[in-house]
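Structure, as structure tokens:
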Amino acid sequence: MARKSKRKVFENLEVIDAGAKGKAIAKAPDGRVVFINNAVPGDVVTAQTYKKRKSYYEARATEIHKPSKKRVSPQCQHFGVCGGCKWQNMGYEHQLYYKEKEVINNLTRLGNLTLPDVSPILASAERYFYRNKMEFSFSNNKWLTQEQIDSSETIEDRNALGFHIPGMWDKILDIEKCHLQRDPSNAIRNFIKSFAKDHNLEFFDPRKQEGLLRTLMIRTATTGDIMVLLQFFKEDTAKRTLLLDALIAQFPELTSVLYVINSKGNDTIYDQEIHCYHGKEYILEAMEGLTFKITAKSFYQTNSEQAYELYKVVREFAALEGDERVYDLYTGTGTIAQFVAANAKEVIGVEAVPEAISAAIENAERNQIANTKFVVGDMKKVFNYEFVSEHGAPDIVITDPPRDGMHGDVVLQLLTLAPQRIVYVSCNSATQARDLALMDAQYKITRVQPVDMFPQTHHVENVVLLEKR
């Protein structure tokens with residue numbers, strides 16, 4: 001007896017909204033929500049489900065009967081196959097609308113918070129080619145598109161240098177042109193790929209864990225500095241130097257050429273030794289007279305120009321008058337701390353990663369900033385009596401936690417410290433809403449400013465100002 005398929009096909013579904021993770025939203029005839037991963041609000045589509053849950057389906061649009069007026073033609077040839085830039089098919093003004101709407105919905109519905117008038121979302125001046133860091137993977141068995149599979153053409157060259165297919169750790173889509181990082185990023189990647197093929201340098205096989213070329217990272221800066229890091233699975237001095245020398249000859253403007261030899265099971269470089277082959281071990285980024293040293297392992301906001309706009313919002317919300325002590329939680333390499341330092345008496349940055357704190361101290365010295373201190377510490381434990389006794393109670397706290405938000409203990413410690421103002425920067429307004437709800441009895445939300453750091457995607461930053469009730 002044949003098994004009954006659990007997949008359903010819904011005809012003429014009207015897409016009514018955009019939701020979490022960039023998926024479009026429709027309503028099925030049975031009342032369940034349908035999350036569709038390749039549609040735009042306003043489309044009328046046929047959708048086939050591939051996952052069913054108690055209250056919703058996940059589906060893909062198989063036919064668009066009536067395209068939305070919000071639709072635009074994607075600029076990238078890889079759109080729909082590559083996992084990034086999922087909103088390239090939606091006009092930018094509509095992207096901004098749905099991002100702002102998500103922030104408001106999360107704060108009011110998830111957090112049950114009362115908001116002031118929310119400031120209109122800050123758009124990014126650059127809608128493409130805005131990222132300063134890109135990471136690509138090599139593969140000797142590239143992902144084939146449906147068109148390639150359906151064609152009668154024999155594809156002999158299976159080497160790829162590009163992005164992971166979403167949800168598939170061993171499948172790499174070969175990229176010809178990416179619209180996320182400005183030139184010479186595409187030229188560098190395509191040169192390395194072409195040179196490696198011409199000289200029989202082995203592309204990595206993630207399943208067999210063999211090959212030579214593993215990953216490529218390119219970092220750029222508004223100063224014009226460029227960093228290239230190649231990760232090799234094994235040491236082969238002759239082949240490694242052949243490729244690196246060719247790269248330097250082709251792109252003499254490169255500031256920093258680095259490499260890693262990594263034979264472990266995963267390709268993360270944070271526990272690996274970085275070797276400097278050419279130039280410096282770092283590049284420099286500049287912002288309002290400040291310079292920041294960025295190494296291969298450094299965290300820095302990946303949209304440099306929009307990071308400046310974000311930091312200006314933080315500084316405005318902090319409303320420093322020069323005599324305040326500021327705590328900067330999750331300070332990373334201390335960029336926000338140094339950006340606001342000129343307006344404060346003292347800024348104390350706290351971060352759990354020792355390498356980040358070392359970079360923060362070095363950057364402060366480079367910028368001749370004498371009123372910052374940077375402390376390594378587990379955020380859950382740092383706000384104890386001894387810490388406050390040593391550094392003094394804060395007048396203002398700036399917090400910029402990771403996507404998971406602040407640990408509950410950190411929220412409680414903040415409430416105990418009771419600074420006059422808290423500026424909360426978040427890349428996930430859902431966890432931000434959770435944290436703000438815990439502080440709602442003691443703090444009132446007085447300003448909300450969404451900031452678009454990542455055009456063509458659903459991601460949005462949000463800055464909230466809290467003032468003591």
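Ordered as shown in the structure tokens, chains take letters A, B, and onward, while each chain numbers its residues from 1 and ligands are numbered from 1 in the order shown.
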
Go through region 67-161 of chain A residue by residue and, counting only C-alpha atoms, keep those with an atom at most 7 Å from region 173-197 of chain A; for each kept residue give the shortest atom pair and its distance in Å to one decimal, ordered by chain and increasing number, as a Markdown table.
```
| residue | atom | partner | partner_atom | distance |
| --- | --- | --- | --- | --- |
| A:Cys76 | CA | A:His179 | CA | 6.6 |
| A:Cys82 | CA | A:Leu173 | CA | 6.9 |
| A:Tyr128 | CA | A:Leu180 | CA | 5.6 |
| A:Phe129 | CA | A:Leu180 | CA | 4.1 |
| A:Tyr130 | CA | A:Gln181 | CA | 5.7 |
| A:Arg131 | CA | A:Gln181 | CA | 5.0 |
| A:Asn132 | CA | A:Gln181 | CA | 6.3 |
| A:Lys142 | CA | A:Leu173 | CA | 5.9 |
| A:Trp143 | CA | A:Leu173 | CA | 5.1 |
| A:Ala160 | CA | A:Asp174 | CA | 4.6 |
| A:Leu161 | CA | A:Asp174 | CA | 5.2 |
```

Sel. of strand (DSSP E) residues, region 326-375 of chain A, as a ChimeraX atom specification | /A:326-329,346-351,372-375

File dump, residues just selected, N, CA and C atoms, as a compact mmCIF listing (two decimals), in the first residue's frame:
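Below is the file again.txt, written as the result:
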```txt
# COMPACT_ATOMS: atom_id res chain seq x y z
N VAL A 326 30.48 55.60 32.14
CA VAL A 326 29.70 54.76 31.23
C VAL A 326 30.25 53.34 31.28
N TYR A 327 29.35 52.36 31.41
CA TYR A 327 29.72 50.96 31.20
C TYR A 327 29.29 50.58 29.79
N ASP A 328 30.20 49.97 29.04
CA ASP A 328 29.90 49.47 27.69
C ASP A 328 29.97 47.95 27.74
N LEU A 329 28.80 47.31 27.83
CA LEU A 329 28.76 45.85 27.96
C LEU A 329 28.85 45.20 26.58
N GLU A 346 34.47 58.85 31.80
CA GLU A 346 35.16 57.56 31.79
C GLU A 346 34.25 56.53 31.15
N VAL A 347 34.85 55.63 30.36
CA VAL A 347 34.10 54.52 29.76
C VAL A 347 34.81 53.22 30.11
N ILE A 348 34.04 52.27 30.64
CA ILE A 348 34.59 50.97 31.03
C ILE A 348 33.93 49.91 30.17
N GLY A 349 34.70 49.27 29.33
CA GLY A 349 34.20 48.23 28.44
C GLY A 349 34.42 46.86 29.02
N VAL A 350 33.42 46.01 28.90
CA VAL A 350 33.50 44.66 29.45
C VAL A 350 33.21 43.65 28.34
N GLU A 351 34.04 42.63 28.25
CA GLU A 351 33.92 41.64 27.17
C GLU A 351 34.52 40.33 27.65
N THR A 372 39.41 55.43 28.83
CA THR A 372 38.74 54.15 28.69
C THR A 372 39.49 53.07 29.45
N LYS A 373 38.73 52.12 29.98
CA LYS A 373 39.29 50.92 30.59
C LYS A 373 38.57 49.73 29.98
N PHE A 374 39.31 48.65 29.77
CA PHE A 374 38.70 47.47 29.18
C PHE A 374 39.02 46.26 30.06
N VAL A 375 37.96 45.53 30.39
CA VAL A 375 38.06 44.45 31.37
C VAL A 375 37.55 43.15 30.75
```

Extract, using only C-alpha atoms, all DNA, RNA and protein residues at most 10 Å from Gly265 (chain A), discarding same-chain residues fewer than 5 positions from it, and format them as a compact mmCIF listing (two decimals) with C-alpha atoms, in the first residue's frame.
```
# COMPACT_ATOMS: atom_id res chain seq x y z
CA PRO A 206 34.53 18.18 2.96
CA GLN A 209 38.43 15.59 4.45
CA PHE A 233 43.85 21.95 4.73
```

Can you tell me, as a list in words, what residues are no more than 8 Å from Ile121 (chain A) when counting only C-alpha atoms, ignoring any on the same chain fewer than 3 positions away?
-> Leu96, Glu100, Gln449, Pro450, Val451 and Asp452 of chain A

Step one, run DSSP on the backbone; step two, keep only residues of region 198-260 of chain A assigned to helix (DSSP H, G or I); then write them as a VMD selection string.
-> chain A and resid 198 237 to 250
